[in-house]
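Read through the structure below, which is laid out as structure tokens, and then see the notes.
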Amino acid sequence: MTDQLQDEGLEYPPGCAYVRGRYAPMAEAKISVLDWGFLRSDATYDVAHCIDGRFFRLDAHIERFYRSAEKLRLEIPVDPEACAEIMRECVRRGGVAEAGYVECLVTRGVSPTFSRDPRDAIPTFMVFAIPLGRILPLDRWEEGLHVHVSTIHRIPPESVDPTAKNYHWHDLVQGLYAAYDAGAENVVLTDPAGNICEGPGFNVFMVKDGRIATPDRGVLEGVSRDTAMRLARELQIPVEARAVSAQEFRAADEAFITSTAGGIMPITKSDHAPIGDGRPGPITRRLSERYWE
């Protein structure tokens with residue numbers, strides 16, 4: 001059966017991909033079933049967003065992409081400047097300059113002999129640009145997120161380095177199902193000590209008595225997370241990265257998440273109980289406004 005017949009009836013988002021050295025429609029953004037990225041989640045990636053044709057901190061995303069690849073001993077077959085240009089071209093060709101989600105990724109690739117030695121694999125490099133999706137839609141920003149603080153533990157950093165962006169999401173996906181079962185819409189995972197870590201694709205912050213705290217262990221050091229911390233310091237709001245217990249989080253005056261997929265977004269409810277007064281707090285609002293400025 002041809003790929004065309006296999007894909008008949010399936011819908012793909014508009015956009016553009018760069019795969020196997022050429023630009024192609026999203027429907028052709030595919031990898032082999034023998035690719036280590038598919039079989040073993042042996043890959044790294046990064047995601048940037050562009051608004052009105054301009055990327056937000058693209059240099060930071062590119063630097064982290066190459067740093068993650070180095071940590072995982074993955075080889076990216078193009079240099080950083082070429083990667084950035086491919087990302088820009090995917091945005092242009094994909095028609096998503098107004099609001100685009102742009103991902104670059106590299107997998108261990110495919111071994112010509114299906115060797116179990118990762119050194120034999122030839123890397124797969126891809127870039128794609130599609131319309132920007134948000135964890136919290138704009139029309140629901142005032143409502144905020146309802147999260148479930150799960151007893152499912154985040155994969156410990158001793159096992160998988162969370163600072164190297166990866167597709168090891170089994171814990172996060174199971175946490176999402178636990179959240180749905182609990183009547184929430186998203187999840188925050190914890191560690192064995194009962195401290196909060198992060199959610200699927202986002203970092204978590206809490207505010208108490210005018211001071212901001214965010215977990216310092218077992219989390220991706222997100223570009224949006226770093227931006228929020230920089231903005232807080234510019235506004236002279238105390239901010240620190242430290243252990244944050246689930247109990248402390250639930251008792252916060254405000255809480256918010258940060259992600260490329262939406263910037264700074266409020267959490268207003270945790271396990272059916274309001275965070276603060278159940279509305280986006282003043283510090284969350286100030287930071288979000290500055291972020292988009």
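Just remember, in the structure tokens the first chain shown is A, the second B, etc., residues are 1-based per chain, and ligands are 1-based in the order shown.
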
Query raised in the report: Residues at most 12 Å from Ala182 in chain A, counting only C-alpha atoms, excluding those fewer than 3 positions away in the same chain, as a list in words?
Result: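 These residues fall inside the cut-off: His146, Val147, His148, Val149, Ser150, Gly175, Leu176, Tyr177, Ala178, Ala179, Glu185, Asn186, Val187, Ser270, Asp271 and His272 of chain A.
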
Query - For Cys197 in chain A: contacts at 10 Å, only C-alpha atoms, fewer than 3 positions along chain excluded, given as number ranges by chain - result: A: 149, 153-156, 188-191, 194, 202-205, 214-220, 243-246

List every residue of range 152-206 of chain A that has an atom at most 12 Å from any atom of range 104-122 of chain A, and for each one report the closest atom pair and its distance in Å to one decimal, counting only C-alpha atoms, with rows sorted by chain and then by increasing residue number, as a Markdown table.
| residue | atom | partner | partner_atom | distance |
| --- | --- | --- | --- | --- |
| A:Lys165 | CA | A:Leu105 | CA | 9.9 |
| A:Asn166 | CA | A:Leu105 | CA | 9.7 |
| A:Tyr167 | CA | A:Thr107 | CA | 10.4 |

Near Asp59 in chain A, counting only C-alpha atoms, which residues have an atom at most 12 Å away, once you skip same-chain residues fewer than 3 positions from it, shown as a PDB file with all heavy atoms, in the first residue's frame?
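Printed below is result-v4.pdb as written:
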ATOM      1  N   ASP A  46      13.979  20.922  20.270  1.00  0.00           N
ATOM      2  CA  ASP A  46      13.674  22.199  20.897  1.00  0.00           C
ATOM      3  C   ASP A  46      12.565  22.866  20.107  1.00  0.00           C
ATOM      4  O   ASP A  46      12.351  22.552  18.942  1.00  0.00           O
ATOM      5  CB  ASP A  46      14.901  23.113  20.991  1.00  0.00           C
ATOM      6  CG  ASP A  46      14.934  23.866  22.313  1.00  0.00           C
ATOM      7  OD1 ASP A  46      14.067  24.752  22.500  1.00  0.00           O
ATOM      8  OD2 ASP A  46      15.791  23.559  23.159  1.00  0.00           O
ATOM      9  N   VAL A  47      11.854  23.749  20.786  1.00  0.00           N
ATOM     10  CA  VAL A  47      10.707  24.423  20.178  1.00  0.00           C
ATOM     11  C   VAL A  47      10.808  25.918  20.428  1.00  0.00           C
ATOM     12  O   VAL A  47      10.992  26.350  21.569  1.00  0.00           O
ATOM     13  CB  VAL A  47       9.376  23.900  20.744  1.00  0.00           C
ATOM     14  CG1 VAL A  47       8.209  24.665  20.128  1.00  0.00           C
ATOM     15  CG2 VAL A  47       9.220  22.401  20.499  1.00  0.00           C
ATOM     16  N   ALA A  48      10.688  26.681  19.371  1.00  0.00           N
ATOM     17  CA  ALA A  48      10.624  28.139  19.470  1.00  0.00           C
ATOM     18  C   ALA A  48       9.286  28.599  18.906  1.00  0.00           C
ATOM     19  O   ALA A  48       8.615  27.853  18.187  1.00  0.00           O
ATOM     20  CB  ALA A  48      11.771  28.778  18.702  1.00  0.00           C
ATOM     21  N   HIS A  49       8.896  29.802  19.249  1.00  0.00           N
ATOM     22  CA  HIS A  49       7.697  30.346  18.613  1.00  0.00           C
ATOM     23  C   HIS A  49       8.012  31.668  17.935  1.00  0.00           C
ATOM     24  O   HIS A  49       8.961  32.366  18.312  1.00  0.00           O
ATOM     25  CB  HIS A  49       6.531  30.491  19.606  1.00  0.00           C
ATOM     26  CG  HIS A  49       6.632  31.654  20.543  1.00  0.00           C
ATOM     27  ND1 HIS A  49       6.882  31.502  21.894  1.00  0.00           N
ATOM     28  CD2 HIS A  49       6.503  32.978  20.344  1.00  0.00           C
ATOM     29  CE1 HIS A  49       6.898  32.685  22.476  1.00  0.00           C
ATOM     30  NE2 HIS A  49       6.666  33.609  21.566  1.00  0.00           N
ATOM     31  N   PHE A  55      10.936  35.634  15.730  1.00  0.00           N
ATOM     32  CA  PHE A  55      11.149  34.596  16.733  1.00  0.00           C
ATOM     33  C   PHE A  55      11.399  35.216  18.103  1.00  0.00           C
ATOM     34  O   PHE A  55      11.953  36.305  18.216  1.00  0.00           O
ATOM     35  CB  PHE A  55      12.356  33.727  16.368  1.00  0.00           C
ATOM     36  CG  PHE A  55      12.045  32.633  15.387  1.00  0.00           C
ATOM     37  CD1 PHE A  55      12.246  32.830  14.031  1.00  0.00           C
ATOM     38  CD2 PHE A  55      11.554  31.425  15.821  1.00  0.00           C
ATOM     39  CE1 PHE A  55      11.971  31.821  13.126  1.00  0.00           C
ATOM     40  CE2 PHE A  55      11.279  30.406  14.931  1.00  0.00           C
ATOM     41  CZ  PHE A  55      11.485  30.606  13.573  1.00  0.00           C
ATOM     42  N   PHE A  56      10.996  34.479  19.132  1.00  0.00           N
ATOM     43  CA  PHE A  56      11.268  34.890  20.503  1.00  0.00           C
ATOM     44  C   PHE A  56      12.476  34.118  21.018  1.00  0.00           C
ATOM     45  O   PHE A  56      12.453  32.892  21.117  1.00  0.00           O
ATOM     46  CB  PHE A  56      10.047  34.603  21.392  1.00  0.00           C
ATOM     47  CG  PHE A  56      10.243  35.003  22.829  1.00  0.00           C
ATOM     48  CD1 PHE A  56      10.231  36.337  23.195  1.00  0.00           C
ATOM     49  CD2 PHE A  56      10.452  34.047  23.805  1.00  0.00           C
ATOM     50  CE1 PHE A  56      10.423  36.722  24.521  1.00  0.00           C
ATOM     51  CE2 PHE A  56      10.636  34.409  25.138  1.00  0.00           C
ATOM     52  CZ  PHE A  56      10.623  35.748  25.491  1.00  0.00           C
ATOM     53  N   ILE A  62      18.245  27.663  20.083  1.00  0.00           N
ATOM     54  CA  ILE A  62      19.261  26.986  19.278  1.00  0.00           C
ATOM     55  C   ILE A  62      20.413  26.514  20.165  1.00  0.00           C
ATOM     56  O   ILE A  62      20.896  25.375  20.048  1.00  0.00           O
ATOM     57  CB  ILE A  62      19.783  27.924  18.174  1.00  0.00           C
ATOM     58  CG1 ILE A  62      18.691  28.204  17.136  1.00  0.00           C
ATOM     59  CG2 ILE A  62      21.021  27.333  17.503  1.00  0.00           C
ATOM     60  CD1 ILE A  62      18.354  27.060  16.247  1.00  0.00           C
ATOM     61  N   GLU A  63      20.861  27.365  21.063  1.00  0.00           N
ATOM     62  CA  GLU A  63      21.956  26.983  21.963  1.00  0.00           C
ATOM     63  C   GLU A  63      21.574  25.776  22.807  1.00  0.00           C
ATOM     64  O   GLU A  63      22.384  24.858  23.005  1.00  0.00           O
ATOM     65  CB  GLU A  63      22.321  28.164  22.865  1.00  0.00           C
ATOM     66  CG  GLU A  63      23.038  29.293  22.141  1.00  0.00           C
ATOM     67  CD  GLU A  63      23.176  30.536  23.000  1.00  0.00           C
ATOM     68  OE1 GLU A  63      22.871  30.450  24.216  1.00  0.00           O
ATOM     69  OE2 GLU A  63      23.569  31.587  22.468  1.00  0.00           O
ATOM     70  N   ARG A  64      20.343  25.759  23.327  1.00  0.00           N
ATOM     71  CA  ARG A  64      19.919  24.619  24.144  1.00  0.00           C
ATOM     72  C   ARG A  64      19.805  23.351  23.307  1.00  0.00           C
ATOM     73  O   ARG A  64      20.146  22.250  23.771  1.00  0.00           O
ATOM     74  CB  ARG A  64      18.596  24.918  24.832  1.00  0.00           C
ATOM     75  CG  ARG A  64      18.158  23.797  25.781  1.00  0.00           C
ATOM     76  CD  ARG A  64      16.928  24.162  26.570  1.00  0.00           C
ATOM     77  NE  ARG A  64      15.773  24.386  25.700  1.00  0.00           N
ATOM     78  CZ  ARG A  64      14.573  24.769  26.146  1.00  0.00           C
ATOM     79  NH1 ARG A  64      14.383  24.999  27.430  1.00  0.00           N
ATOM     80  NH2 ARG A  64      13.571  24.940  25.309  1.00  0.00           N
ATOM     81  N   PHE A  65      19.339  23.468  22.064  1.00  0.00           N
ATOM     82  CA  PHE A  65      19.227  22.315  21.175  1.00  0.00           C
ATOM     83  C   PHE A  65      20.584  21.649  20.985  1.00  0.00           C
ATOM     84  O   PHE A  65      20.730  20.426  21.140  1.00  0.00           O
ATOM     85  CB  PHE A  65      18.635  22.770  19.840  1.00  0.00           C
ATOM     86  CG  PHE A  65      18.462  21.684  18.820  1.00  0.00           C
ATOM     87  CD1 PHE A  65      17.908  20.461  19.149  1.00  0.00           C
ATOM     88  CD2 PHE A  65      18.831  21.911  17.491  1.00  0.00           C
ATOM     89  CE1 PHE A  65      17.733  19.464  18.190  1.00  0.00           C
ATOM     90  CE2 PHE A  65      18.661  20.928  16.536  1.00  0.00           C
ATOM     91  CZ  PHE A  65      18.118  19.695  16.876  1.00  0.00           C
ATOM     92  N   TYR A  66      21.591  22.446  20.700  1.00  0.00           N
ATOM     93  CA  TYR A  66      22.920  21.873  20.473  1.00  0.00           C
ATOM     94  C   TYR A  66      23.546  21.389  21.780  1.00  0.00           C
ATOM     95  O   TYR A  66      24.276  20.377  21.792  1.00  0.00           O
ATOM     96  CB  TYR A  66      23.815  22.900  19.763  1.00  0.00           C
ATOM     97  CG  TYR A  66      23.521  22.951  18.276  1.00  0.00           C
ATOM     98  CD1 TYR A  66      22.425  23.655  17.795  1.00  0.00           C
ATOM     99  CD2 TYR A  66      24.304  22.257  17.363  1.00  0.00           C
ATOM    100  CE1 TYR A  66      22.113  23.677  16.441  1.00  0.00           C
ATOM    101  CE2 TYR A  66      24.012  22.269  16.005  1.00  0.00           C
ATOM    102  CZ  TYR A  66      22.913  22.977  15.549  1.00  0.00           C
ATOM    103  OH  TYR A  66      22.608  22.986  14.215  1.00  0.00           O
ATOM    104  N   PRO A  80      24.615  25.581  13.800  1.00  0.00           N
ATOM    105  CA  PRO A  80      23.531  26.374  14.389  1.00  0.00           C
ATOM    106  C   PRO A  80      22.962  27.434  13.448  1.00  0.00           C
ATOM    107  O   PRO A  80      21.745  27.667  13.423  1.00  0.00           O
ATOM    108  CB  PRO A  80      24.180  27.008  15.618  1.00  0.00           C
ATOM    109  CG  PRO A  80      25.256  26.049  16.006  1.00  0.00           C
ATOM    110  CD  PRO A  80      25.786  25.527  14.710  1.00  0.00           C
ATOM    111  N   GLU A  81      23.826  28.084  12.674  1.00  0.00           N
ATOM    112  CA  GLU A  81      23.343  29.126  11.769  1.00  0.00           C
ATOM    113  C   GLU A  81      22.434  28.522  10.698  1.00  0.00           C
ATOM    114  O   GLU A  81      21.380  29.095  10.353  1.00  0.00           O
ATOM    115  CB  GLU A  81      24.521  29.854  11.111  1.00  0.00           C
ATOM    116  CG  GLU A  81      25.337  30.706  12.061  1.00  0.00           C
ATOM    117  CD  GLU A  81      26.264  29.889  12.962  1.00  0.00           C
ATOM    118  OE1 GLU A  81      26.497  28.697  12.655  1.00  0.00           O
ATOM    119  OE2 GLU A  81      26.744  30.422  13.981  1.00  0.00           O
ATOM    120  N   CYS A  83      20.715  25.738  10.972  1.00  0.00           N
ATOM    121  CA  CYS A  83      19.493  25.285  11.629  1.00  0.00           C
ATOM    122  C   CYS A  83      18.516  26.452  11.784  1.00  0.00           C
ATOM    123  O   CYS A  83      17.323  26.319  11.488  1.00  0.00           O
ATOM    124  CB  CYS A  83      19.823  24.687  12.995  1.00  0.00           C
ATOM    125  SG  CYS A  83      18.400  24.051  13.899  1.00  0.00           S
ATOM    126  N   ALA A  84      19.014  27.597  12.229  1.00  0.00           N
ATOM    127  CA  ALA A  84      18.159  28.765  12.402  1.00  0.00           C
ATOM    128  C   ALA A  84      17.559  29.203  11.077  1.00  0.00           C
ATOM    129  O   ALA A  84      16.378  29.576  10.999  1.00  0.00           O
ATOM    130  CB  ALA A  84      18.955  29.905  13.028  1.00  0.00           C
ATOM    131  N   GLU A  85      18.344  29.149  10.013  1.00  0.00           N
ATOM    132  CA  GLU A  85      17.837  29.563   8.709  1.00  0.00           C
ATOM    133  C   GLU A  85      16.771  28.594   8.201  1.00  0.00           C
ATOM    134  O   GLU A  85      15.778  29.006   7.588  1.00  0.00           O
ATOM    135  CB  GLU A  85      18.990  29.646   7.703  1.00  0.00           C
ATOM    136  CG  GLU A  85      18.581  30.180   6.345  1.00  0.00           C
ATOM    137  CD  GLU A  85      17.875  31.519   6.424  1.00  0.00           C
ATOM    138  OE1 GLU A  85      18.270  32.368   7.247  1.00  0.00           O
ATOM    139  OE2 GLU A  85      16.914  31.725   5.651  1.00  0.00           O
ATOM    140  N   MET A  87      14.756  26.896  10.108  1.00  0.00           N
ATOM    141  CA  MET A  87      13.559  27.197  10.896  1.00  0.00           C
ATOM    142  C   MET A  87      12.822  28.395  10.310  1.00  0.00           C
ATOM    143  O   MET A  87      11.590  28.387  10.158  1.00  0.00           O
ATOM    144  CB  MET A  87      13.945  27.451  12.351  1.00  0.00           C
ATOM    145  CG  MET A  87      14.508  26.223  13.063  1.00  0.00           C
ATOM    146  SD  MET A  87      15.157  26.568  14.715  1.00  0.00           S
ATOM    147  CE  MET A  87      13.631  26.715  15.656  1.00  0.00           C
ATOM    148  N   VAL A 223      13.282  28.091  28.471  1.00  0.00           N
ATOM    149  CA  VAL A 223      13.593  29.451  28.035  1.00  0.00           C
ATOM    150  C   VAL A 223      12.537  30.411  28.561  1.00  0.00           C
ATOM    151  O   VAL A 223      12.853  31.517  29.016  1.00  0.00           O
ATOM    152  CB  VAL A 223      13.689  29.511  26.495  1.00  0.00           C
ATOM    153  CG1 VAL A 223      13.816  30.952  26.014  1.00  0.00           C
ATOM    154  CG2 VAL A 223      14.880  28.681  26.010  1.00  0.00           C
TER     155      VAL A 223
END

Requested in this report: For CA of Val239 in chain A and CA of Ile196 in chain A, determine how far apart the two atoms are, in Å to one decimal place.
Outcome: 16.6 Å
